[in-house]
Each structure stands twice: as C-alpha cells, then as structure tokens.
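File shown: upload.cif. Contents: mmCIF, N, CA and C atoms.
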data_upload
loop_
_atom_site.group_PDB
_atom_site.id
_atom_site.type_symbol
_atom_site.label_atom_id
_atom_site.label_comp_id
_atom_site.auth_asym_id
_atom_site.auth_seq_id
_atom_site.Cartn_x
_atom_site.Cartn_y
_atom_site.Cartn_z
ATOM 1 N N TYR W 1 -7.821 -5.228 -8.130
ATOM 2 C CA TYR W 1 -9.238 -5.170 -8.382
ATOM 3 C C TYR W 1 -9.725 -3.750 -8.633
ATOM 4 N N ALA W 2 -8.819 -2.808 -8.578
ATOM 5 C CA ALA W 2 -9.151 -1.394 -8.787
ATOM 6 C C ALA W 2 -10.183 -0.907 -7.783
ATOM 7 N N LEU W 3 -9.958 -1.246 -6.523
ATOM 8 C CA LEU W 3 -10.830 -0.793 -5.442
ATOM 9 C C LEU W 3 -10.026 0.033 -4.449
ATOM 10 N N PRO W 4 -10.600 1.109 -3.943
ATOM 11 C CA PRO W 4 -9.886 1.887 -2.925
ATOM 12 C C PRO W 4 -9.861 1.125 -1.606
ATOM 13 N N ALA W 5 -8.830 1.352 -0.841
ATOM 14 C CA ALA W 5 -8.723 0.737 0.485
ATOM 15 C C ALA W 5 -9.340 1.672 1.523
ATOM 16 N N VAL W 6 -9.907 1.079 2.557
ATOM 17 C CA VAL W 6 -10.382 1.845 3.705
ATOM 18 C C VAL W 6 -9.810 1.149 4.929
ATOM 19 N N VAL W 7 -8.953 1.847 5.659
ATOM 20 C CA VAL W 7 -8.286 1.255 6.818
ATOM 21 C C VAL W 7 -8.323 2.217 8.000
ATOM 22 N N CYS W 8 -8.127 1.640 9.175
ATOM 23 C CA CYS W 8 -8.047 2.459 10.392
ATOM 24 C C CYS W 8 -6.616 2.905 10.607
ATOM 25 N N ALA W 9 -6.454 4.102 11.127
ATOM 26 C CA ALA W 9 -5.140 4.638 11.467
ATOM 27 C C ALA W 9 -4.605 3.875 12.675
ATOM 28 N N PRO W 10 -3.330 3.861 12.919
ATOM 29 C CA PRO W 10 -2.263 4.442 12.104
ATOM 30 C C PRO W 10 -1.834 3.478 11.008
ATOM 31 N N LEU W 11 -1.363 4.022 9.901
ATOM 32 C CA LEU W 11 -0.902 3.182 8.803
ATOM 33 C C LEU W 11 0.259 2.290 9.211
ATOM 34 N N SER W 12 1.077 2.743 10.128
ATOM 35 C CA SER W 12 2.255 1.972 10.540
ATOM 36 C C SER W 12 1.880 0.652 11.207
ATOM 37 N N ALA W 13 0.623 0.494 11.620
ATOM 38 C CA ALA W 13 0.192 -0.747 12.259
ATOM 39 C C ALA W 13 -0.215 -1.810 11.235
ATOM 40 N N HIS W 14 -0.128 -1.484 9.958
ATOM 41 C CA HIS W 14 -0.599 -2.380 8.908
ATOM 42 C C HIS W 14 0.567 -2.942 8.108
ATOM 43 N N ASN W 15 0.239 -3.864 7.203
ATOM 44 C CA ASN W 15 1.224 -4.434 6.286
ATOM 45 C C ASN W 15 1.780 -3.341 5.372
ATOM 46 N N PRO W 16 2.952 -3.573 4.789
ATOM 47 C CA PRO W 16 3.560 -2.551 3.926
ATOM 48 C C PRO W 16 2.661 -2.124 2.768
ATOM 49 N N GLU W 17 1.852 -3.041 2.247
ATOM 50 C CA GLU W 17 0.982 -2.672 1.139
ATOM 51 C C GLU W 17 0.012 -1.574 1.553
ATOM 52 N N VAL W 18 -0.471 -1.654 2.780
ATOM 53 C CA VAL W 18 -1.442 -0.668 3.262
ATOM 54 C C VAL W 18 -0.751 0.666 3.519
ATOM 55 N N VAL W 19 0.521 0.630 3.857
ATOM 56 C CA VAL W 19 1.260 1.870 4.091
ATOM 57 C C VAL W 19 1.319 2.707 2.806
ATOM 58 N N ALA W 20 1.126 2.068 1.658
ATOM 59 C CA ALA W 20 1.111 2.789 0.379
ATOM 60 C C ALA W 20 -0.148 3.632 0.219
ATOM 61 N N LEU W 21 -1.113 3.502 1.113
ATOM 62 C CA LEU W 21 -2.356 4.261 1.021
ATOM 63 C C LEU W 21 -2.091 5.744 1.261
ATOM 64 N N THR W 22 -2.641 6.550 0.381
ATOM 65 C CA THR W 22 -2.620 7.997 0.550
ATOM 66 C C THR W 22 -4.073 8.424 0.685
ATOM 67 N N ASP W 23 -4.419 8.922 1.858
ATOM 68 C CA ASP W 23 -5.804 9.273 2.153
ATOM 69 C C ASP W 23 -6.360 10.249 1.117
ATOM 70 N N GLY W 24 -7.492 9.870 0.532
ATOM 71 C CA GLY W 24 -8.131 10.714 -0.465
ATOM 72 C C GLY W 24 -7.616 10.512 -1.870
ATOM 73 N N VAL W 25 -6.523 9.763 -2.032
ATOM 74 C CA VAL W 25 -5.966 9.518 -3.367
ATOM 75 C C VAL W 25 -6.294 8.096 -3.828
ATOM 76 N N ASN W 26 -5.904 7.099 -3.019
ATOM 77 C CA ASN W 26 -6.172 5.711 -3.394
ATOM 78 C C ASN W 26 -6.953 4.963 -2.309
ATOM 79 N N GLY W 27 -7.553 5.710 -1.408
ATOM 80 C CA GLY W 27 -8.369 5.110 -0.368
ATOM 81 C C GLY W 27 -8.671 6.112 0.731
ATOM 82 N N ARG W 28 -9.215 5.599 1.806
ATOM 83 C CA ARG W 28 -9.572 6.443 2.946
ATOM 84 C C ARG W 28 -8.941 5.901 4.217
ATOM 85 N N LEU W 29 -8.510 6.816 5.062
ATOM 86 C CA LEU W 29 -7.926 6.486 6.356
ATOM 87 C C LEU W 29 -8.908 6.925 7.434
ATOM 88 N N ALA W 30 -9.403 5.964 8.200
ATOM 89 C CA ALA W 30 -10.361 6.256 9.267
ATOM 90 C C ALA W 30 -9.620 6.381 10.593
ATOM 91 N N ALA W 31 -10.265 6.997 11.561
ATOM 92 C CA ALA W 31 -9.665 7.175 12.883
ATOM 93 C C ALA W 31 -9.328 5.816 13.508
ATOM 94 N N ALA W 32 -8.302 5.821 14.334
ATOM 95 C CA ALA W 32 -7.819 4.585 14.952
ATOM 96 C C ALA W 32 -8.906 3.889 15.767
ATOM 97 N N LEU W 33 -9.072 2.608 15.468
ATOM 98 C CA LEU W 33 -9.966 1.736 16.233
ATOM 99 C C LEU W 33 -11.365 2.297 16.425
ATOM 100 N N SER W 34 -11.874 2.964 15.413
ATOM 101 C CA SER W 34 -13.209 3.531 15.487
ATOM 102 C C SER W 34 -14.087 2.892 14.424
ATOM 103 N N ALA W 35 -14.983 2.021 14.869
ATOM 104 C CA ALA W 35 -15.903 1.378 13.942
ATOM 105 C C ALA W 35 -16.787 2.412 13.263
ATOM 106 N N GLU W 36 -17.161 3.434 13.999
ATOM 107 C CA GLU W 36 -18.010 4.487 13.439
ATOM 108 C C GLU W 36 -17.275 5.241 12.330
ATOM 109 N N ALA W 37 -16.016 5.577 12.558
ATOM 110 C CA ALA W 37 -15.229 6.282 11.544
ATOM 111 C C ALA W 37 -15.003 5.393 10.326
ATOM 112 N N LEU W 38 -14.768 4.109 10.549
ATOM 113 C CA LEU W 38 -14.583 3.173 9.447
ATOM 114 C C LEU W 38 -15.864 3.085 8.618
ATOM 115 N N ALA W 39 -17.000 2.951 9.293
ATOM 116 C CA ALA W 39 -18.289 2.881 8.592
ATOM 117 C C ALA W 39 -18.572 4.174 7.825
ATOM 118 N N THR W 40 -18.243 5.296 8.405
ATOM 119 C CA THR W 40 -18.453 6.589 7.743
ATOM 120 C C THR W 40 -17.612 6.687 6.479
ATOM 121 N N SER W 41 -16.358 6.240 6.546
ATOM 122 C CA SER W 41 -15.476 6.274 5.379
ATOM 123 C C SER W 41 -15.991 5.358 4.272
ATOM 124 N N ILE W 42 -16.441 4.179 4.646
ATOM 125 C CA ILE W 42 -16.979 3.238 3.659
ATOM 126 C C ILE W 42 -18.249 3.812 3.030
ATOM 127 N N ALA W 43 -19.140 4.340 3.853
ATOM 128 C CA ALA W 43 -20.391 4.912 3.350
ATOM 129 C C ALA W 43 -20.123 6.077 2.402
ATOM 130 N N ALA W 44 -19.132 6.897 2.731
ATOM 131 C CA ALA W 44 -18.803 8.036 1.866
ATOM 132 C C ALA W 44 -18.369 7.555 0.485
ATOM 133 N N LEU W 45 -17.578 6.480 0.435
ATOM 134 C CA LEU W 45 -17.155 5.937 -0.861
ATOM 135 C C LEU W 45 -18.318 5.298 -1.607
ATOM 136 N N LEU W 46 -19.205 4.633 -0.886
ATOM 137 C CA LEU W 46 -20.367 4.027 -1.530
ATOM 138 C C LEU W 46 -21.281 5.083 -2.138
ATOM 139 N N ASP W 47 -21.334 6.241 -1.508
ATOM 140 C CA ASP W 47 -22.206 7.321 -1.972
ATOM 141 C C ASP W 47 -21.589 8.178 -3.077
ATOM 142 N N ASP W 48 -20.306 8.019 -3.338
ATOM 143 C CA ASP W 48 -19.617 8.884 -4.308
ATOM 144 C C ASP W 48 -18.913 8.020 -5.352
ATOM 145 N N ALA W 49 -19.665 7.580 -6.357
ATOM 146 C CA ALA W 49 -19.112 6.690 -7.381
ATOM 147 C C ALA W 49 -17.899 7.278 -8.103
ATOM 148 N N PRO W 50 -17.907 8.564 -8.513
ATOM 149 C CA PRO W 50 -16.718 9.096 -9.192
ATOM 150 C C PRO W 50 -15.459 9.053 -8.311
ATOM 151 N N ALA W 51 -15.592 9.403 -7.037
ATOM 152 C CA ALA W 51 -14.433 9.351 -6.136
ATOM 153 C C ALA W 51 -13.987 7.918 -5.940
ATOM 154 N N ARG W 52 -14.934 7.017 -5.756
ATOM 155 C CA ARG W 52 -14.613 5.596 -5.559
ATOM 156 C C ARG W 52 -13.872 5.049 -6.772
ATOM 157 N N GLN W 53 -14.338 5.379 -7.973
ATOM 158 C CA GLN W 53 -13.691 4.899 -9.186
ATOM 159 C C GLN W 53 -12.300 5.502 -9.361
ATOM 160 N N ALA W 54 -12.163 6.794 -9.088
ATOM 161 C CA ALA W 54 -10.852 7.452 -9.221
ATOM 162 C C ALA W 54 -9.858 6.882 -8.214
ATOM 163 N N MET W 55 -10.304 6.711 -6.971
ATOM 164 C CA MET W 55 -9.415 6.138 -5.950
ATOM 165 C C MET W 55 -9.079 4.692 -6.273
ATOM 166 N N GLY W 56 -10.041 3.953 -6.805
ATOM 167 C CA GLY W 56 -9.781 2.566 -7.190
ATOM 168 C C GLY W 56 -8.747 2.478 -8.285
ATOM 169 N N GLU W 57 -8.850 3.341 -9.285
ATOM 170 C CA GLU W 57 -7.859 3.360 -10.366
ATOM 171 C C GLU W 57 -6.483 3.759 -9.830
ATOM 172 N N ALA W 58 -6.445 4.751 -8.941
ATOM 173 C CA ALA W 58 -5.168 5.164 -8.341
ATOM 174 C C ALA W 58 -4.571 4.024 -7.518
ATOM 175 N N ALA W 59 -5.427 3.268 -6.823
ATOM 176 C CA ALA W 59 -4.939 2.124 -6.032
ATOM 177 C C ALA W 59 -4.338 1.067 -6.945
ATOM 178 N N LEU W 60 -5.017 0.782 -8.051
ATOM 179 C CA LEU W 60 -4.505 -0.206 -9.001
ATOM 180 C C LEU W 60 -3.166 0.238 -9.576
ATOM 181 N N GLN W 61 -3.062 1.498 -9.967
ATOM 182 C CA GLN W 61 -1.798 2.002 -10.518
ATOM 183 C C GLN W 61 -0.675 1.926 -9.488
ATOM 184 N N CYS W 62 -0.986 2.220 -8.237
ATOM 185 C CA CYS W 62 0.015 2.132 -7.165
ATOM 186 C C CYS W 62 0.538 0.709 -7.038
ATOM 187 N N VAL W 63 -0.373 -0.252 -7.054
ATOM 188 C CA VAL W 63 0.024 -1.655 -6.939
ATOM 189 C C VAL W 63 0.862 -2.074 -8.140
ATOM 190 N N LEU W 64 0.410 -1.718 -9.336
ATOM 191 C CA LEU W 64 1.139 -2.112 -10.541
ATOM 192 C C LEU W 64 2.533 -1.505 -10.601
ATOM 193 N N GLN W 65 2.685 -0.289 -10.104
ATOM 194 C CA GLN W 65 3.980 0.385 -10.168
ATOM 195 C C GLN W 65 4.904 0.019 -9.015
ATOM 196 N N THR W 66 4.343 -0.309 -7.863
ATOM 197 C CA THR W 66 5.153 -0.495 -6.663
ATOM 198 C C THR W 66 5.344 -1.956 -6.277
ATOM 199 N N TYR W 67 4.315 -2.756 -6.442
ATOM 200 C CA TYR W 67 4.348 -4.149 -5.986
ATOM 201 C C TYR W 67 4.263 -5.075 -7.181
ATOM 202 N N ASN W 68 5.333 -5.101 -7.961
ATOM 203 C CA ASN W 68 5.388 -5.949 -9.145
ATOM 204 C C ASN W 68 6.643 -6.810 -9.094
ATOM 205 N N LEU W 69 6.758 -7.704 -10.032
ATOM 206 C CA LEU W 69 7.880 -8.635 -10.045
ATOM 207 C C LEU W 69 9.222 -7.914 -10.138
ATOM 208 N N GLN W 70 9.310 -6.892 -10.965
ATOM 209 C CA GLN W 70 10.577 -6.168 -11.120
ATOM 210 C C GLN W 70 10.987 -5.504 -9.809
ATOM 211 N N ALA W 71 10.042 -4.921 -9.109
ATOM 212 C CA ALA W 71 10.362 -4.291 -7.823
ATOM 213 C C ALA W 71 10.799 -5.329 -6.799
ATOM 214 N N MET W 72 10.144 -6.485 -6.798
ATOM 215 C CA MET W 72 10.512 -7.537 -5.857
ATOM 216 C C MET W 72 11.934 -8.043 -6.146
ATOM 217 N N VAL W 73 12.247 -8.288 -7.399
ATOM 218 C CA VAL W 73 13.577 -8.760 -7.778
ATOM 219 C C VAL W 73 14.630 -7.716 -7.424
ATOM 220 N N ALA W 74 14.344 -6.449 -7.712
ATOM 221 C CA ALA W 74 15.290 -5.383 -7.374
ATOM 222 C C ALA W 74 15.520 -5.324 -5.869
ATOM 223 N N GLY W 75 14.473 -5.503 -5.103
ATOM 224 C CA GLY W 75 14.611 -5.509 -3.643
ATOM 225 C C GLY W 75 15.479 -6.656 -3.162
ATOM 226 N N PHE W 76 15.246 -7.844 -3.711
ATOM 227 C CA PHE W 76 16.072 -8.995 -3.326
ATOM 228 C C PHE W 76 17.524 -8.791 -3.741
ATOM 229 N N ASN W 77 17.747 -8.237 -4.945
ATOM 230 C CA ASN W 77 19.123 -7.986 -5.382
ATOM 231 C C ASN W 77 19.815 -6.987 -4.466
ATOM 232 N N SER W 78 19.109 -5.953 -4.049
ATOM 233 C CA SER W 78 19.686 -4.982 -3.117
ATOM 234 C C SER W 78 20.026 -5.638 -1.791
ATOM 235 N N LEU W 79 19.144 -6.486 -1.311
ATOM 236 C CA LEU W 79 19.400 -7.191 -0.057
ATOM 237 C C LEU W 79 20.619 -8.101 -0.179
ATOM 238 N N ILE W 80 20.714 -8.844 -1.263
ATOM 239 C CA ILE W 80 21.864 -9.737 -1.472
ATOM 240 C C ILE W 80 23.157 -8.936 -1.547
ATOM 241 N N ASP W 81 23.139 -7.819 -2.283
ATOM 242 C CA ASP W 81 24.335 -6.961 -2.366
ATOM 243 C C ASP W 81 24.731 -6.448 -0.990
ATOM 244 N N TYR W 82 23.755 -5.999 -0.218
ATOM 245 C CA TYR W 82 24.022 -5.496 1.133
ATOM 246 C C TYR W 82 24.620 -6.596 2.010
ATOM 247 N N LEU W 83 24.026 -7.779 1.979
ATOM 248 C CA LEU W 83 24.526 -8.880 2.814
ATOM 249 C C LEU W 83 25.931 -9.293 2.388
ATOM 250 N N ASN W 84 26.203 -9.288 1.093
ATOM 251 C CA ASN W 84 27.564 -9.598 0.620
ATOM 252 C C ASN W 84 28.558 -8.559 1.099
ATOM 253 N N THR W 85 28.184 -7.295 1.085
ATOM 254 C CA THR W 85 29.053 -6.230 1.569
ATOM 255 C C THR W 85 29.315 -6.399 3.047
ATOM 256 N N GLN W 86 28.297 -6.698 3.812
ATOM 257 C CA GLN W 86 28.453 -6.897 5.260
ATOM 258 C C GLN W 86 29.336 -8.095 5.550
ATOM 259 N N ARG W 87 29.199 -9.139 4.783
ATOM 260 C CA ARG W 87 29.995 -10.349 4.982
ATOM 261 C C ARG W 87 31.477 -10.087 4.699
ATOM 262 N N ARG W 88 31.770 -9.263 3.683
ATOM 263 C CA ARG W 88 33.157 -8.959 3.335
ATOM 264 C C ARG W 88 33.826 -8.066 4.385
ATOM 265 N N THR W 89 33.046 -7.238 5.064
ATOM 266 C CA THR W 89 33.621 -6.317 6.032
ATOM 267 C C THR W 89 33.705 -6.913 7.433
ATOM 268 N N SER W 90 33.137 -8.108 7.626
ATOM 269 C CA SER W 90 33.222 -8.671 8.992
ATOM 270 C C SER W 90 34.250 -9.762 9.108
#

In structure tokens, how does this file's structure come out?
Amino acid sequence: YALPAVVCAPLSAHNPEVVALTDGVNGRLAAALSAEALATSIAALLDDAPARQAMGEAALQCVLQTYNLQAMVAGFNSLIDYLNTQRRTS
C-alpha cells in the first residue's frame, strides 16, 4: 500500500516482515510499550507528508524486493537442499 510502518520496539518481538523496518527510512520505531511514543511517531508522519510519502515508497520497494514469490521459492529450495544434506549425513 506504500505506507510507512510505525511499530513499538524491539523489532525482534515482531513478525519477520516488521524486522525489515529501518527507522526513518521505511517507517518509524517507537519506544517499547509506550502508547505516547507510538502516538508521537504517528503524529509526526501525519504532519510531514513528504517524509510519509518517501517512507511509504521505501516500504513498498522493500516488500517488492524482499517478500516476493522468487524470494519465497528460493528460501524453500534452500531449506529443501539443507534438509536433504542433513538426511544424507545422518
């Protein structure tokens, strides 16, 4: 949707897609479990249309380049190769 993400830290507590967030590039990272920090981050993006649009475009490009069918197939092929190697060595 070409929208920047706004999430609470730490990134490691989120799904892998959210871990792709780079603060200030394709979204905003707010302080852990802070509703006030989350609201501040959202308000800052609402008030800055050029930043919001740039981060949204960067978010879309990240998704298109990282989370696409080719990447998924390559990941599954790597997993299958790894499992076959493990099976042959055991």

**Option closest in space to Pro4 in chain W, from W:Asp47, W:Pro16, W:Ala54, W:Glu36 [counting only C-alpha atoms]** =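 Between W:Asp47, W:Pro16, W:Ala54, W:Glu36, the residue approaching Pro4 in chain W most closely is W:Ala54.
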
**Evaluate the PyMOL selection byres ((chain W and resi 27) around 6) and report residues as a PyMOL selection string** = chain W and resi 4-6+21-26+28-29+55

**Request:** I need the residue set behind the PyMOL selection byres ((chain W and resi 30) around 6.5) for this file; please write it as a VMD selection string.
**Result:** chain W and resid 6 to 9 28 to 29 31 to 34 37 to 38 41

Can those selected residues be exported to a file as a PDB file, keeping the file's coordinate frame so that it contains N, CA and C atoms?
ATOM      1  N   VAL W   6      -9.907   1.079   2.557  1.00  0.00           N
ATOM      2  CA  VAL W   6     -10.382   1.845   3.705  1.00  0.00           C
ATOM      3  C   VAL W   6      -9.810   1.149   4.929  1.00  0.00           C
ATOM      4  N   VAL W   7      -8.953   1.847   5.659  1.00  0.00           N
ATOM      5  CA  VAL W   7      -8.286   1.255   6.818  1.00  0.00           C
ATOM      6  C   VAL W   7      -8.323   2.217   8.000  1.00  0.00           C
ATOM      7  N   CYS W   8      -8.127   1.640   9.175  1.00  0.00           N
ATOM      8  CA  CYS W   8      -8.047   2.459  10.392  1.00  0.00           C
ATOM      9  C   CYS W   8      -6.616   2.905  10.607  1.00  0.00           C
ATOM     10  N   ALA W   9      -6.454   4.102  11.127  1.00  0.00           N
ATOM     11  CA  ALA W   9      -5.140   4.638  11.467  1.00  0.00           C
ATOM     12  C   ALA W   9      -4.605   3.875  12.675  1.00  0.00           C
ATOM     13  N   ARG W  28      -9.215   5.599   1.806  1.00  0.00           N
ATOM     14  CA  ARG W  28      -9.572   6.443   2.946  1.00  0.00           C
ATOM     15  C   ARG W  28      -8.941   5.901   4.217  1.00  0.00           C
ATOM     16  N   LEU W  29      -8.510   6.816   5.062  1.00  0.00           N
ATOM     17  CA  LEU W  29      -7.926   6.486   6.356  1.00  0.00           C
ATOM     18  C   LEU W  29      -8.908   6.925   7.434  1.00  0.00           C
ATOM     19  N   ALA W  31     -10.265   6.997  11.561  1.00  0.00           N
ATOM     20  CA  ALA W  31      -9.665   7.175  12.883  1.00  0.00           C
ATOM     21  C   ALA W  31      -9.328   5.816  13.508  1.00  0.00           C
ATOM     22  N   ALA W  32      -8.302   5.821  14.334  1.00  0.00           N
ATOM     23  CA  ALA W  32      -7.819   4.585  14.952  1.00  0.00           C
ATOM     24  C   ALA W  32      -8.906   3.889  15.767  1.00  0.00           C
ATOM     25  N   LEU W  33      -9.072   2.608  15.468  1.00  0.00           N
ATOM     26  CA  LEU W  33      -9.966   1.736  16.233  1.00  0.00           C
ATOM     27  C   LEU W  33     -11.365   2.297  16.425  1.00  0.00           C
ATOM     28  N   SER W  34     -11.874   2.964  15.413  1.00  0.00           N
ATOM     29  CA  SER W  34     -13.209   3.531  15.487  1.00  0.00           C
ATOM     30  C   SER W  34     -14.087   2.892  14.424  1.00  0.00           C
ATOM     31  N   ALA W  37     -16.016   5.577  12.558  1.00  0.00           N
ATOM     32  CA  ALA W  37     -15.229   6.282  11.544  1.00  0.00           C
ATOM     33  C   ALA W  37     -15.003   5.393  10.326  1.00  0.00           C
ATOM     34  N   LEU W  38     -14.768   4.109  10.549  1.00  0.00           N
ATOM     35  CA  LEU W  38     -14.583   3.173   9.447  1.00  0.00           C
ATOM     36  C   LEU W  38     -15.864   3.085   8.618  1.00  0.00           C
ATOM     37  N   SER W  41     -16.358   6.240   6.546  1.00  0.00           N
ATOM     38  CA  SER W  41     -15.476   6.274   5.379  1.00  0.00           C
ATOM     39  C   SER W  41     -15.991   5.358   4.272  1.00  0.00           C
TER      40      SER W  41
END

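Here CA of Tyr67 in chain W and atom N of Ala51 in chain W stand 24.1 Å from one another.
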
Range 22-26 of chain W: axis-aligned bounding box, 3 Å on each side, centre and edge lengths in Å, one decimal, as JSON:
{"center_x": -5.4, "center_y": 7.8, "center_z": -0.8, "size_x": 11.5, "size_y": 11.8, "size_z": 12.0}

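Counting from CA of Ala44 in chain W, the distance to CA of Ala20 in chain W is 20.6 Å.
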
**Asked** To one decimal place, how far is atom C of Tyr1 in chain W from atom C of Val63 in chain W in Å?
**Response**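 Separating atom C of Tyr1 in chain W from atom C of Val63 in chain W is a distance of 10.7 Å.
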
**Item:** DSSP helix (DSSP H, G or I) residues within chain W, as a ChimeraX atom specification
**Value:** /W:11-13,16-19,35-47,49-66,69-89
